[in-house]
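Each remark here refers to the structure printed beneath this line.
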Amino acid sequence: MTSNSKEYWESYYRQNPNPSGESPFARFVSGFLNEGDSLYELGCGNGRDSVFFGKKGVRVHAFDQCEEELAYLTAQNSLSNVHFEAGDFTNLGPKSRVDFIYSRFTLHSVTEDKEIDTLRWSFDALNENGLVFIEIRSILDELYGQGEKVGKNEFVTSHYRRFVALNSFVSRIEEAGFSILYKLESKGLAPHGDDDPIVIRVVAKRAERN
Ligand SMILES: C[S@@+](CC[C@H](N)C(=O)[O-])C[C@H]1O[C@@H](n2cnc3c(N)ncnc32)[C@H](O)[C@@H]1O
């Protein structure tokens, strides 16, 4: 296992298939969104944030590698403005442009090269002045260093994680053609049970086309 950990996530979503309880990051991002806006979600898992945005009238197209879970979400989805599609978000190919791209706890599931591919793809897939919203694990996370080291800042426990350094992550986003509107590295953003990891949030704007 080097990245993606597809089997781990397939098994996880067999146990947690339903889209309930949006993330704190989705609540933060919802302040930027209006009814009728279009959004791609990269790595939607059980669709909890996709459905939350969909209920606000956002036109959501959500991708995840877990085919079985996405088939389940599609079958039970009642929102006509929300669509689920199985796929590798690092290799989606050309898509029609949207206003927003949302990635919560997914870019640390892939290698740095694939992160860069995804940021470049996001540039092409966004309308001018479109925004990308990212929440990602920091190298300051207490989980950093646990499990088998498989590369720089990369570790495998039950699944693969690549922790990122804020400054270099921000540079990669800028190199892909974005300007940073907001960045924060802190505890208190993504509490889960007894865990309160230090995570990074970024909101970045796609530069205008020349
Ligand atoms: C930590 S979960 C986050 C799920 C969701 N964003 C949330 O916050 O509830 C990571 C998700 O990313 C998905 N994922 C990881 N790498 C992927 C890839 N290359 N293509 C598509 N999905 C991927 C996994 O299947 C999993 O559903």
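Chain labels follow the order of the structure tokens: the first chain is A, the next B, and so on; residue numbering restarts at 1 in every chain, and ligands are counted from 1 in their shown order.
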
Which range 79-161 of chain A residues have any atom within 12 Å of an atom of range 167-171 of chain A, and for each, what is the nearest pair of atoms with distance in Å to one decimal, counting only C-alpha atoms, rows sorted by chain and number, as a Markdown table?
```
| residue | atom | partner | partner_atom | distance |
| --- | --- | --- | --- | --- |
| A:Leu107 | CA | A:Phe169 | CA | 10.7 |
| A:His108 | CA | A:Phe169 | CA | 10.9 |
| A:Glu112 | CA | A:Phe169 | CA | 9.5 |
| A:Glu115 | CA | A:Phe169 | CA | 9.7 |
| A:Ile116 | CA | A:Phe169 | CA | 9.7 |
| A:Leu119 | CA | A:Phe169 | CA | 10.7 |
| A:Ile134 | CA | A:Phe169 | CA | 10.7 |
| A:Glu135 | CA | A:Phe169 | CA | 11.4 |
| A:Ile136 | CA | A:Phe169 | CA | 9.8 |
| A:Arg137 | CA | A:Phe169 | CA | 10.9 |
| A:Ser138 | CA | A:Phe169 | CA | 9.7 |
| A:Ile139 | CA | A:Phe169 | CA | 10.9 |
```

Write a file of the just-selected residues containing C-alpha atoms, as a PDB file, in the first residue's frame.
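Below is the file out.pdb, written as the result:
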```
ATOM      1  CA  LEU A 107      -5.321  15.526  -0.561  1.00  0.00           C
ATOM      2  CA  HIS A 108      -3.314  13.956   2.267  1.00  0.00           C
ATOM      3  CA  GLU A 112       2.656  14.987  -3.417  1.00  0.00           C
ATOM      4  CA  GLU A 115      -1.614  16.497  -5.141  1.00  0.00           C
ATOM      5  CA  ILE A 116       0.133  18.758  -7.686  1.00  0.00           C
ATOM      6  CA  LEU A 119      -4.213  21.338  -8.043  1.00  0.00           C
ATOM      7  CA  ILE A 134      -8.989  22.523   1.211  1.00  0.00           C
ATOM      8  CA  GLU A 135      -8.706  20.999   4.675  1.00  0.00           C
ATOM      9  CA  ILE A 136      -5.666  18.753   5.138  1.00  0.00           C
ATOM     10  CA  ARG A 137      -3.550  17.171   7.874  1.00  0.00           C
ATOM     11  CA  SER A 138      -0.496  19.126   9.051  1.00  0.00           C
ATOM     12  CA  ILE A 139       2.980  17.807   9.913  1.00  0.00           C
TER      13      ILE A 139
END
```

Item to check | Near-ligand residues for ligand 1, threshold 6 Å, only C-alpha atoms and all ligand atoms, as a VMD selection string | outcome: chain A and resid 4 6 9 43 to 45 64 to 66 87 to 90 104 to 106 109 to 110

For those residues, write N, CA and C atoms to a file as a PDB file, in the first residue's frame.
```
ATOM      1  N   ASN A   4      -3.726   6.021  -1.496  1.00  0.00           N
ATOM      2  CA  ASN A   4      -5.159   5.820  -1.776  1.00  0.00           C
ATOM      3  C   ASN A   4      -5.864   4.953  -0.733  1.00  0.00           C
ATOM      4  N   LYS A   6      -7.548   2.267  -0.886  1.00  0.00           N
ATOM      5  CA  LYS A   6      -8.928   2.095  -1.356  1.00  0.00           C
ATOM      6  C   LYS A   6      -9.679   1.040  -0.534  1.00  0.00           C
ATOM      7  N   TRP A   9     -10.882   2.364   2.803  1.00  0.00           N
ATOM      8  CA  TRP A   9     -12.042   3.264   2.731  1.00  0.00           C
ATOM      9  C   TRP A   9     -13.298   2.507   2.319  1.00  0.00           C
ATOM     10  N   GLY A  43     -13.312  13.416  -3.294  1.00  0.00           N
ATOM     11  CA  GLY A  43     -13.222  12.488  -2.162  1.00  0.00           C
ATOM     12  C   GLY A  43     -14.360  12.713  -1.191  1.00  0.00           C
ATOM     13  N   CYS A  44     -15.580  12.388  -1.627  1.00  0.00           N
ATOM     14  CA  CYS A  44     -16.769  12.736  -0.823  1.00  0.00           C
ATOM     15  C   CYS A  44     -17.077  11.711   0.256  1.00  0.00           C
ATOM     16  N   GLY A  45     -16.417  10.532   0.219  1.00  0.00           N
ATOM     17  CA  GLY A  45     -16.726   9.509   1.219  1.00  0.00           C
ATOM     18  C   GLY A  45     -18.192   9.150   1.203  1.00  0.00           C
ATOM     19  N   ASP A  64     -15.576  10.043  -5.662  1.00  0.00           N
ATOM     20  CA  ASP A  64     -14.803   9.243  -4.711  1.00  0.00           C
ATOM     21  C   ASP A  64     -14.441   7.934  -5.410  1.00  0.00           C
ATOM     22  N   GLN A  65     -13.334   7.337  -4.935  1.00  0.00           N
ATOM     23  CA  GLN A  65     -12.857   6.091  -5.541  1.00  0.00           C
ATOM     24  C   GLN A  65     -13.710   4.871  -5.143  1.00  0.00           C
ATOM     25  N   CYS A  66     -14.526   4.999  -4.099  1.00  0.00           N
ATOM     26  CA  CYS A  66     -15.251   3.830  -3.561  1.00  0.00           C
ATOM     27  C   CYS A  66     -16.528   3.584  -4.370  1.00  0.00           C
ATOM     28  N   GLY A  87     -14.704   7.627  -9.111  1.00  0.00           N
ATOM     29  CA  GLY A  87     -13.537   7.976  -9.911  1.00  0.00           C
ATOM     30  C   GLY A  87     -12.373   8.386  -9.035  1.00  0.00           C
ATOM     31  N   ASP A  88     -11.193   8.333  -9.634  1.00  0.00           N
ATOM     32  CA  ASP A  88      -9.952   8.759  -8.973  1.00  0.00           C
ATOM     33  C   ASP A  88      -9.818  10.268  -9.181  1.00  0.00           C
ATOM     34  N   PHE A  89      -9.916  11.036  -8.106  1.00  0.00           N
ATOM     35  CA  PHE A  89      -9.923  12.499  -8.295  1.00  0.00           C
ATOM     36  C   PHE A  89      -8.580  13.042  -8.779  1.00  0.00           C
ATOM     37  N   THR A  90      -7.538  12.232  -8.766  1.00  0.00           N
ATOM     38  CA  THR A  90      -6.246  12.699  -9.280  1.00  0.00           C
ATOM     39  C   THR A  90      -6.145  12.504 -10.793  1.00  0.00           C
ATOM     40  N   ARG A 104     -11.957  17.907   1.456  1.00  0.00           N
ATOM     41  CA  ARG A 104     -11.757  17.809   2.907  1.00  0.00           C
ATOM     42  C   ARG A 104     -11.123  16.468   3.260  1.00  0.00           C
ATOM     43  N   PHE A 105      -9.907  16.550   3.801  1.00  0.00           N
ATOM     44  CA  PHE A 105      -9.187  15.358   4.272  1.00  0.00           C
ATOM     45  C   PHE A 105      -8.985  14.348   3.138  1.00  0.00           C
ATOM     46  N   THR A 106      -8.714  14.839   1.956  1.00  0.00           N
ATOM     47  CA  THR A 106      -8.501  13.927   0.828  1.00  0.00           C
ATOM     48  C   THR A 106      -7.142  14.118   0.164  1.00  0.00           C
ATOM     49  N   SER A 109      -4.434  12.011   1.298  1.00  0.00           N
ATOM     50  CA  SER A 109      -4.571  10.582   0.966  1.00  0.00           C
ATOM     51  C   SER A 109      -3.773  10.212  -0.272  1.00  0.00           C
ATOM     52  N   VAL A 110      -3.177  11.213  -0.926  1.00  0.00           N
ATOM     53  CA  VAL A 110      -2.450  10.935  -2.172  1.00  0.00           C
ATOM     54  C   VAL A 110      -1.036  11.519  -2.084  1.00  0.00           C
TER      55      VAL A 110
END
```

Checklist entry - Near Ser50 in chain A, within 12 Å and counting only C-alpha atoms, which residues show up once chain neighbours fewer than 3 positions away are dropped, as a PyMOL selection string? => result chain A and resi 18-23+26-27+29-30+38-47+53-64+70+73-74+77+79+81-85+101-104

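CA of Asp49 in chain A to CA of Leu33 in chain A spans 12.9 Å [interatomic distance, one decimal].
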
Checklist entry - Among range 45-154 of chain A, which residues carry a DSSP assignment of strand (DSSP E), reported as a ChimeraX atom specification? => result /A:59-64,82-86,98-104,126-137,148-151,154

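Distance annotation: of A:Val202, A:Thr111, A:Glu174, A:Pro24, the residue with the minimal separation from Asn153 in chain A is A:Thr111; atom set is only C-alpha atoms.
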
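CA of Leu140 in chain A lies 9.6 Å from CA of Leu166 in chain A.
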
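Near Tyr160 in chain A, within 10 Å and counting only C-alpha atoms, sit Met1, Thr2, Ser3, Asn4, Ser5, Lys6, Tyr8, His108, Ser109, Val110, Thr111, Gly147, Glu148, Lys149, Val150, Glu154, Phe155, Val156, Thr157 and Phe163 of chain A; same-chain residues fewer than 3 positions away were not included.
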
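Proximity of A:Ser158, A:Ser11, A:Gln146, A:Asn34 to Glu68 in chain A, computed with only C-alpha atoms, is greatest for A:Ser11.
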
Checklist entry - Using the chain letters and numbers from this document, which residues of range 12-198 of chain A does DSSP assign to helix (DSSP H, G or I), as a ChimeraX atom specification? => result /A:12-15,24-30,48-55,67-76,107-109,112-125,166-175

Next on the checklist: Show me, as a ChimeraX atom specification, the residues that have an atom within 9 Å of Asp99 in chain A when counting only C-alpha atoms, minus same-chain residues fewer than 5 positions from it.
Outcome noted: /A:37-40,125-132

Item to check | Option closest in space to Asp124 in chain A, from A:Ala165, A:Ala190, A:Ala207, A:Ile180 [counting only C-alpha atoms] | outcome: A:Ala207

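What separates CA of Leu181 in chain A from CA of Glu208 in chain A is a distance of 14.5 Å.
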
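Closest approach to Val164 in chain A among A:Gly193, A:Glu10, A:Phe133, A:Ile198 is made by A:Ile198 (distances from only C-alpha atoms).
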